[in-house]
file final_8.tsv (TSV, C-alpha atoms and all ligand atoms)
chain	number	residue	atom	x	y	z
A	1	MET	CA	37.94	-205.48	-141.63
A	2	GLY	CA	35.89	-206.95	-138.82
A	3	SER	CA	36.59	-210.56	-139.70
A	4	LYS	CA	38.60	-211.28	-136.57
A	5	LYS	CA	37.39	-214.49	-134.94
A	6	LEU	CA	35.73	-213.95	-131.58
A	7	ASN	CA	37.18	-215.42	-128.42
A	8	ILE	CA	34.78	-217.84	-126.81
A	9	TRP	CA	34.49	-215.60	-123.73
A	10	ASP	CA	33.27	-212.75	-125.96
A	11	MET	CA	30.27	-214.82	-127.04
A	12	VAL	CA	26.86	-214.68	-125.39
A	13	GLY	CA	26.32	-217.58	-122.98
A	14	ALA	CA	30.03	-218.44	-122.50
A	15	HIS	CA	31.23	-219.09	-118.96
A	16	PRO	CA	34.35	-220.55	-117.32
A	17	ILE	CA	34.28	-223.99	-115.71
A	18	CYS	CA	36.73	-225.70	-113.40
A	19	ARG	CA	38.78	-228.33	-115.24
A	20	SER	CA	38.81	-230.58	-112.18
A	21	CYS	CA	35.23	-230.61	-110.92
A	22	GLY	CA	33.25	-228.83	-113.67
A	23	SER	CA	31.93	-226.17	-111.31
A	24	ARG	CA	31.02	-222.76	-112.70
A	25	GLN	CA	32.20	-221.11	-109.48
A	26	VAL	CA	35.59	-220.07	-110.81
A	27	LEU	CA	37.12	-217.04	-109.10
A	28	ARG	CA	39.72	-214.85	-110.77
A	29	THR	CA	42.23	-212.89	-108.72
A	30	THR	CA	42.12	-209.12	-109.21
A	31	GLU	CA	43.83	-206.02	-107.96
A	32	ALA	CA	41.53	-203.25	-106.82
A	33	GLU	CA	42.13	-199.56	-106.17
A	34	TRP	CA	40.18	-197.16	-104.05
A	35	SER	CA	37.85	-194.77	-105.89
A	36	MET	CA	36.91	-191.53	-104.12
A	37	ALA	CA	34.15	-190.98	-106.69
A	38	THR	CA	32.29	-194.18	-105.81
A	39	GLN	CA	33.69	-194.52	-102.26
A	40	SER	CA	34.54	-198.17	-102.96
A	41	TRP	CA	37.23	-200.48	-104.30
A	42	GLN	CA	37.23	-200.71	-108.11
A	43	ILE	CA	38.83	-203.56	-110.06
A	44	LYS	CA	41.96	-202.23	-111.70
A	45	THR	CA	43.74	-205.35	-112.95
A	46	LEU	CA	42.59	-208.88	-113.78
A	47	CYS	CA	45.34	-211.30	-112.81
A	48	ASP	CA	45.91	-214.65	-114.51
A	49	LYS	CA	45.29	-216.57	-111.31
A	50	PHE	CA	42.17	-218.63	-110.85
A	51	THR	CA	40.66	-220.59	-108.01
A	52	CYS	CA	37.70	-222.93	-108.12
A	53	ASP	CA	35.38	-221.86	-105.32
A	54	ASN	CA	34.01	-225.41	-105.20
A	55	CYS	CA	37.10	-227.66	-105.12
A	56	GLY	CA	39.98	-225.24	-104.74
A	57	ASP	CA	41.66	-226.21	-108.01
A	58	ARG	CA	43.92	-223.47	-109.36
A	59	ALA	CA	44.16	-224.43	-113.02
A	60	VAL	CA	43.22	-222.02	-115.79
A	61	PRO	CA	39.53	-222.72	-116.41
A	62	ASP	CA	37.92	-224.19	-119.48
A	63	TRP	CA	35.11	-222.40	-121.27
A	64	GLN	CA	31.67	-223.69	-122.09
A	65	PHE	CA	28.43	-222.40	-123.54
A	66	ASP	CA	25.16	-222.30	-121.69
A	67	GLU	CA	23.11	-223.36	-124.71
A	68	ALA	CA	19.76	-222.68	-123.02
A	69	PHE	CA	20.86	-219.12	-122.26
A	70	ARG	CA	21.96	-218.58	-125.89
A	71	GLN	CA	18.73	-220.09	-127.22
A	72	LYS	CA	16.59	-217.84	-125.05
A	73	ARG	CA	18.51	-214.76	-126.16
A	74	ILE	CA	18.23	-215.67	-129.86
A	75	ARG	CA	14.53	-216.41	-129.50
A	76	ARG	CA	13.89	-213.04	-127.86
A	77	LEU	CA	15.83	-211.19	-130.60
A	78	ASN	CA	13.90	-213.06	-133.30
A	79	ASP	CA	10.59	-212.26	-131.62
A	80	LEU	CA	11.56	-208.57	-131.47
A	81	LEU	CA	12.31	-208.66	-135.20
A	82	ARG	CA	8.96	-210.28	-136.03
A	83	HIS	CA	7.26	-207.57	-133.96
A	84	GLY	CA	9.12	-204.83	-135.84
A	85	GLN	CA	11.25	-203.84	-132.85
A	86	ALA	CA	14.73	-205.04	-133.85
A	87	GLU	CA	17.37	-202.37	-134.35
A	88	LYS	CA	19.74	-203.98	-136.84
A	89	ALA	CA	17.39	-205.82	-139.15
A	90	SER	CA	15.79	-205.96	-142.59
A	91	ILE	CA	12.58	-207.48	-143.90
A	92	MET	CA	12.73	-209.08	-147.36
A	93	LEU	CA	9.62	-209.86	-149.36
A	94	THR	CA	10.11	-212.20	-152.29
A	95	PRO	CA	8.77	-211.17	-155.74
A	96	GLY	CA	5.95	-213.69	-155.40
A	97	VAL	CA	4.75	-212.10	-152.15
A	98	ARG	CA	5.02	-208.55	-153.53
A	99	GLU	CA	3.04	-209.49	-156.64
A	100	GLU	CA	0.07	-210.41	-154.44
A	101	GLY	CA	-0.43	-206.72	-153.67
A	102	GLU	CA	-0.35	-204.32	-150.76
A	103	THR	CA	-3.19	-205.80	-148.70
A	104	PHE	CA	-1.72	-209.29	-148.95
A	105	VAL	CA	1.71	-207.97	-147.90
A	106	ARG	CA	0.25	-206.15	-144.91
A	107	THR	CA	-1.66	-209.28	-143.88
A	108	ALA	CA	1.49	-211.38	-144.27
A	109	LEU	CA	3.51	-208.99	-142.05
A	110	ASN	CA	0.77	-209.12	-139.40
A	111	ARG	CA	0.60	-212.89	-139.55
A	112	VAL	CA	4.37	-213.19	-139.09
A	113	ALA	CA	4.25	-210.78	-136.14
A	114	GLN	CA	1.42	-212.71	-134.47
A	115	PHE	CA	2.68	-216.19	-135.36
A	116	ASP	CA	2.90	-218.39	-132.28
A	117	ALA	CA	2.39	-221.93	-133.63
A	118	PHE	CA	5.99	-222.90	-132.88
A	119	SER	CA	6.47	-226.61	-132.26
A	120	ALA	CA	9.19	-229.21	-132.00
A	121	ASP	CA	8.66	-229.85	-135.72
A	122	ASN	CA	8.99	-226.34	-137.15
A	123	ASP	CA	11.20	-224.96	-134.37
A	124	PRO	CA	13.50	-227.77	-133.18
A	125	HIS	CA	16.04	-225.33	-131.71
A	126	GLY	CA	13.46	-223.14	-129.97
A	127	GLU	CA	14.73	-220.03	-131.75
A	128	HIS	CA	11.48	-218.90	-133.42
A	129	ASP	CA	13.33	-218.46	-136.71
A	130	PHE	CA	10.92	-220.25	-139.06
A	131	GLY	CA	7.19	-220.68	-139.54
A	132	SER	CA	4.51	-221.34	-142.12
A	133	PHE	CA	0.95	-220.08	-142.47
A	134	GLU	CA	-1.75	-219.58	-145.08
A	135	ILE	CA	-3.45	-216.53	-146.55
A	136	ASP	CA	-6.37	-217.03	-148.98
A	137	GLY	CA	-5.38	-220.67	-149.46
A	138	LYS	CA	-1.78	-219.71	-150.32
A	139	LYS	CA	0.95	-221.18	-148.16
A	140	LEU	CA	3.74	-218.87	-146.98
A	141	PHE	CA	6.99	-219.31	-145.08
A	142	PHE	CA	9.01	-216.90	-143.03
A	143	LYS	CA	12.60	-217.43	-141.97
A	144	ILE	CA	15.25	-215.44	-140.16
A	145	ASP	CA	18.95	-215.42	-141.12
A	146	TYR	CA	21.87	-213.94	-139.22
A	147	PHE	CA	24.50	-211.80	-140.94
A	148	ASP	CA	27.33	-209.57	-139.83
A	149	LEU	CA	26.70	-205.82	-139.80
A	150	GLU	CA	28.11	-205.45	-143.34
A	151	LEU	CA	25.74	-208.16	-144.62
A	152	GLU	CA	28.75	-209.95	-146.11
A	153	ARG	CA	28.79	-213.21	-144.19
A	154	HIS	CA	27.18	-215.09	-141.34
A	155	SER	CA	27.14	-213.46	-137.93
A	156	ASP	CA	29.87	-214.58	-135.53
A	157	ASP	CA	27.33	-214.61	-132.73
A	158	ALA	CA	23.62	-214.60	-133.54
A	159	ALA	CA	22.89	-214.14	-129.83
A	160	ASN	CA	24.68	-210.76	-129.78
A	161	PRO	CA	22.57	-207.96	-131.30
A	162	ALA	CA	25.61	-205.67	-131.51
A	163	LEU	CA	27.30	-208.08	-133.95
A	164	THR	CA	24.27	-209.29	-135.91
A	165	HIS	CA	22.07	-207.92	-138.65
A	166	ARG	CA	18.93	-210.08	-138.81
A	167	VAL	CA	17.08	-210.62	-142.08
A	168	LEU	CA	13.47	-211.76	-142.00
A	169	THR	CA	12.38	-213.21	-145.35
A	170	ILE	CA	8.72	-213.79	-146.20
A	171	MET	CA	8.08	-216.01	-149.23
A	172	LEU	CA	5.44	-218.10	-150.89
A	173	ALA	CA	5.94	-221.82	-150.27
A	174	SER	CA	6.02	-222.22	-154.06
A	175	GLU	CA	9.16	-220.05	-154.14
A	176	TYR	CA	11.08	-222.06	-151.57
B	1	ZN	ZN	36.58	-227.27	-109.08
call {"tool": "encode", "arguments": {"input": "final_8.tsv", "output": "structure tokens"}}
result
Amino acid sequence: MGSKKLNIWDMVGAHPICRSCGSRQVLRTTEAEWSMATQSWQIKTLCDKFTCDNCGDRAVPDWQFDEAFRQKRIRRLNDLLRHGQAEKASIMLTPGVREEGETFVRTALNRVAQFDAFSADNDPHGEHDFGSFEIDGKKLFFKIDYFDLELERHSDDAANPALTHRVLTIMLASEY
């Protein structure tokens, strides 16, 4: 039913670190076999043996997230959505926005696409997932939420577009 929890190493931005020295340079032992097609050795088996290339420790590594890497990926996916280029995504207009009419809606969509007034205040996580602007003296918000592909619950990994359906909602501030 798709509700299996992800392993940390399946998530965007995860990487192994040495438990002794914290280095990212963890090597994993593999077995390779010769491929005539590519004229090179191809990894056939991943072995459960690890070596830190920095300190030589052989313990099984820990896993960590590179938060800056995740943030950048999420920001890029959100920008694509605002620009109408996201693949798994929906745009929701609240009743208050729709009641303002077609021209207003078109202007609102353009304003969201062009919005670039992100700051530490409205975008503390640097993900470009929220903003506010005005049209004809009316204040509007947009926000982006992350769901699974069935739109039943939150995405397991908002940084992975294959696992995430993004929803961009445009609303009047008075409807918030
Ligand atoms: Zn080490």
call {"tool": "closest_atom_pairs", "arguments": {"input": "final_8.tsv", "of": "range 32-101 of chain A", "to": "range 109-128 of chain A", "cutoff": "8 Å", "atoms": "only C-alpha atoms", "output": "tab-separated table"}}
result
residue	atom	partner	partner_atom	distance
A:Gln71	CA	A:Glu127	CA	6.0
A:Lys72	CA	A:Glu127	CA	7.3
A:Ile74	CA	A:Glu127	CA	5.9
A:Arg75	CA	A:Glu127	CA	4.3
A:Asn78	CA	A:His128	CA	6.3
A:Asp79	CA	A:His128	CA	6.9
A:Arg82	CA	A:Ala113	CA	4.7
A:His83	CA	A:Ala113	CA	4.9
A:Gly84	CA	A:Ala113	CA	7.7
call {"tool": "closest_residue", "arguments": {"input": "final_8.tsv", "among": "A:Asp53, A:Ile170, A:Arg28, A:Arg76", "to": "Thr107 in chain A", "atoms": "all atoms listed in the file"}}
result
A:Ile170
call {"tool": "residues_near_ligand", "arguments": {"input": "final_8.tsv", "ligand": "ligand ZN 1 (chain B)", "cutoff": "7 Å", "atoms": "all atoms listed in the file", "output": "JSON list (two decimals) with C-alpha atoms, in the coordinates of the input"}}
result
[["chain", "number", "residue", "atom", "x", "y", "z"],
["A", 18, "CYS", "CA", 36.73, -225.70, -113.40],
["A", 19, "ARG", "CA", 38.78, -228.33, -115.24],
["A", 20, "SER", "CA", 38.81, -230.58, -112.18],
["A", 21, "CYS", "CA", 35.23, -230.61, -110.92],
["A", 22, "GLY", "CA", 33.25, -228.83, -113.67],
["A", 23, "SER", "CA", 31.93, -226.17, -111.31],
["A", 52, "CYS", "CA", 37.70, -222.93, -108.12],
["A", 53, "ASP", "CA", 35.38, -221.86, -105.32],
["A", 54, "ASN", "CA", 34.01, -225.41, -105.20],
["A", 55, "CYS", "CA", 37.10, -227.66, -105.12],
["A", 56, "GLY", "CA", 39.98, -225.24, -104.74],
["A", 57, "ASP", "CA", 41.66, -226.21, -108.01]]
call {"tool": "atom_distance", "arguments": {"input": "final_8.tsv", "atom1": "CA of Ile17 in chain A", "atom2": "CA of Asp62 in chain A"}}
result
5.2 Å
call {"tool": "atom_distance", "arguments": {"input": "final_8.tsv", "atom1": "CA of Thr51 in chain A", "atom2": "CA of Thr29 in chain A"}}
result
7.9 Å
call {"tool": "closest_residue", "arguments": {"input": "final_8.tsv", "among": "A:Gln25, A:Gln39, A:Thr30, A:Ser90", "to": "Leu151 in chain A", "atoms": "all atoms listed in the file"}}
result
A:Ser90
call {"tool": "axis_aligned_box", "arguments": {"input": "final_8.tsv", "around": "range 164-171 of chain A", "padding_each_side": "6 Å", "output": "AutoDock Vina command-line options"}}
result
--center_x 16.2 --center_y -212.0 --center_z -142.6 --size_x 28.2 --size_y 20.1 --size_z 25.3
call {"tool": "atom_distance", "arguments": {"input": "final_8.tsv", "atom1": "CA of Glu134 in chain A", "atom2": "CA of Ala108 in chain A"}}
result
8.9 Å
call {"tool": "residues_around", "arguments": {"input": "final_8.tsv", "residues": "range 162-164 of chain A", "least_positions_apart": "6", "cutoff": "6 Å", "atoms": "only C-alpha atoms", "output": "CSV table (one decimal) with C-alpha atoms, in the coordinates of the input"}}
result
chain,number,residue,atom,x,y,z
A,147,PHE,CA,24.5,-211.8,-140.9
A,148,ASP,CA,27.3,-209.6,-139.8
A,149,LEU,CA,26.7,-205.8,-139.8
A,155,SER,CA,27.1,-213.5,-137.9
call {"tool": "residues_around", "arguments": {"input": "final_8.tsv", "residues": "Arg70 in chain A", "least_positions_apart": "5", "cutoff": "12 Å", "atoms": "all atoms listed in the file", "output": "list in words"}}
result
Met11, Val12, Gly13, Ala14, His15, Gln64, Phe65, Arg75, Arg76, Leu77, His125, Gly126, Glu127, Asp157, Ala158, Ala159, Asn160 and Pro161 of chain A
call {"tool": "closest_residue", "arguments": {"input": "final_8.tsv", "among": "A:Lys138, A:Thr169, A:Ser132, A:Ala89", "to": "Glu150 in chain A", "atoms": "all atoms listed in the file"}}
result
A:Ala89
call {"tool": "closest_residue", "arguments": {"input": "final_8.tsv", "among": "A:Lys44, A:Phe104, A:Val26, A:Ala32", "to": "Arg58 in chain A", "atoms": "all atoms listed in the file"}}
result
A:Val26
call {"tool": "closest_residue", "arguments": {"input": "final_8.tsv", "among": "A:Glu67, A:Asp129, A:Glu31, A:Glu175", "to": "Lys143 in chain A", "atoms": "all atoms listed in the file"}}
result
A:Asp129
call {"tool": "build_atoms", "arguments": {"input": "final_8.tsv", "residues": "range 129-146 of chain A", "atoms": "N, CA and C atoms", "output": "mmCIF file, in the frame of the given file"}}
result
data_model
loop_
_atom_site.group_PDB
_atom_site.id
_atom_site.type_symbol
_atom_site.label_atom_id
_atom_site.label_comp_id
_atom_site.auth_asym_id
_atom_site.auth_seq_id
_atom_site.Cartn_x
_atom_site.Cartn_y
_atom_site.Cartn_z
ATOM 1 N N ASP A 129 12.724 -219.026 -135.495
ATOM 2 C CA ASP A 129 13.330 -218.460 -136.710
ATOM 3 C C ASP A 129 12.658 -218.953 -137.992
ATOM 4 N N PHE A 130 11.594 -219.709 -137.877
ATOM 5 C CA PHE A 130 10.920 -220.250 -139.060
ATOM 6 C C PHE A 130 9.463 -220.535 -138.724
ATOM 7 N N GLY A 131 8.594 -220.325 -139.728
ATOM 8 C CA GLY A 131 7.190 -220.680 -139.540
ATOM 9 C C GLY A 131 6.468 -220.689 -140.862
ATOM 10 N N SER A 132 5.317 -221.339 -140.901
ATOM 11 C CA SER A 132 4.510 -221.340 -142.120
ATOM 12 C C SER A 132 3.054 -221.058 -141.760
ATOM 13 N N PHE A 133 2.352 -220.436 -142.702
ATOM 14 C CA PHE A 133 0.950 -220.080 -142.470
ATOM 15 C C PHE A 133 0.296 -219.902 -143.839
ATOM 16 N N GLU A 134 -1.018 -219.715 -143.825
ATOM 17 C CA GLU A 134 -1.750 -219.580 -145.080
ATOM 18 C C GLU A 134 -2.530 -218.290 -145.126
ATOM 19 N N ILE A 135 -2.571 -217.677 -146.301
ATOM 20 C CA ILE A 135 -3.450 -216.530 -146.550
ATOM 21 C C ILE A 135 -4.218 -216.829 -147.833
ATOM 22 N N ASP A 136 -5.528 -216.776 -147.791
ATOM 23 C CA ASP A 136 -6.370 -217.030 -148.980
ATOM 24 C C ASP A 136 -5.984 -218.346 -149.661
ATOM 25 N N GLY A 137 -5.719 -219.375 -148.873
ATOM 26 C CA GLY A 137 -5.380 -220.670 -149.460
ATOM 27 C C GLY A 137 -3.960 -220.761 -149.998
ATOM 28 N N LYS A 138 -3.189 -219.673 -149.868
ATOM 29 C CA LYS A 138 -1.780 -219.710 -150.320
ATOM 30 C C LYS A 138 -0.873 -219.933 -149.113
ATOM 31 N N LYS A 139 0.041 -220.878 -149.269
ATOM 32 C CA LYS A 139 0.950 -221.180 -148.160
ATOM 33 C C LYS A 139 2.173 -220.280 -148.222
ATOM 34 N N LEU A 140 2.553 -219.733 -147.062
ATOM 35 C CA LEU A 140 3.740 -218.870 -146.980
ATOM 36 C C LEU A 140 4.685 -219.399 -145.911
ATOM 37 N N PHE A 141 5.968 -219.045 -146.087
ATOM 38 C CA PHE A 141 6.990 -219.310 -145.080
ATOM 39 C C PHE A 141 7.596 -217.990 -144.637
ATOM 40 N N PHE A 142 8.061 -217.960 -143.388
ATOM 41 C CA PHE A 142 9.010 -216.900 -143.030
ATOM 42 C C PHE A 142 10.233 -217.554 -142.410
ATOM 43 N N LYS A 143 11.386 -216.925 -142.599
ATOM 44 C CA LYS A 143 12.600 -217.430 -141.970
ATOM 45 C C LYS A 143 13.490 -216.259 -141.612
ATOM 46 N N ILE A 144 14.340 -216.483 -140.627
ATOM 47 C CA ILE A 144 15.250 -215.440 -140.160
ATOM 48 C C ILE A 144 16.685 -215.931 -140.318
ATOM 49 N N ASP A 145 17.523 -215.107 -140.954
ATOM 50 C CA ASP A 145 18.950 -215.420 -141.120
ATOM 51 C C ASP A 145 19.787 -214.377 -140.410
ATOM 52 N N TYR A 146 20.999 -214.779 -140.047
ATOM 53 C CA TYR A 146 21.870 -213.940 -139.220
ATOM 54 C C TYR A 146 23.131 -213.569 -140.000
#
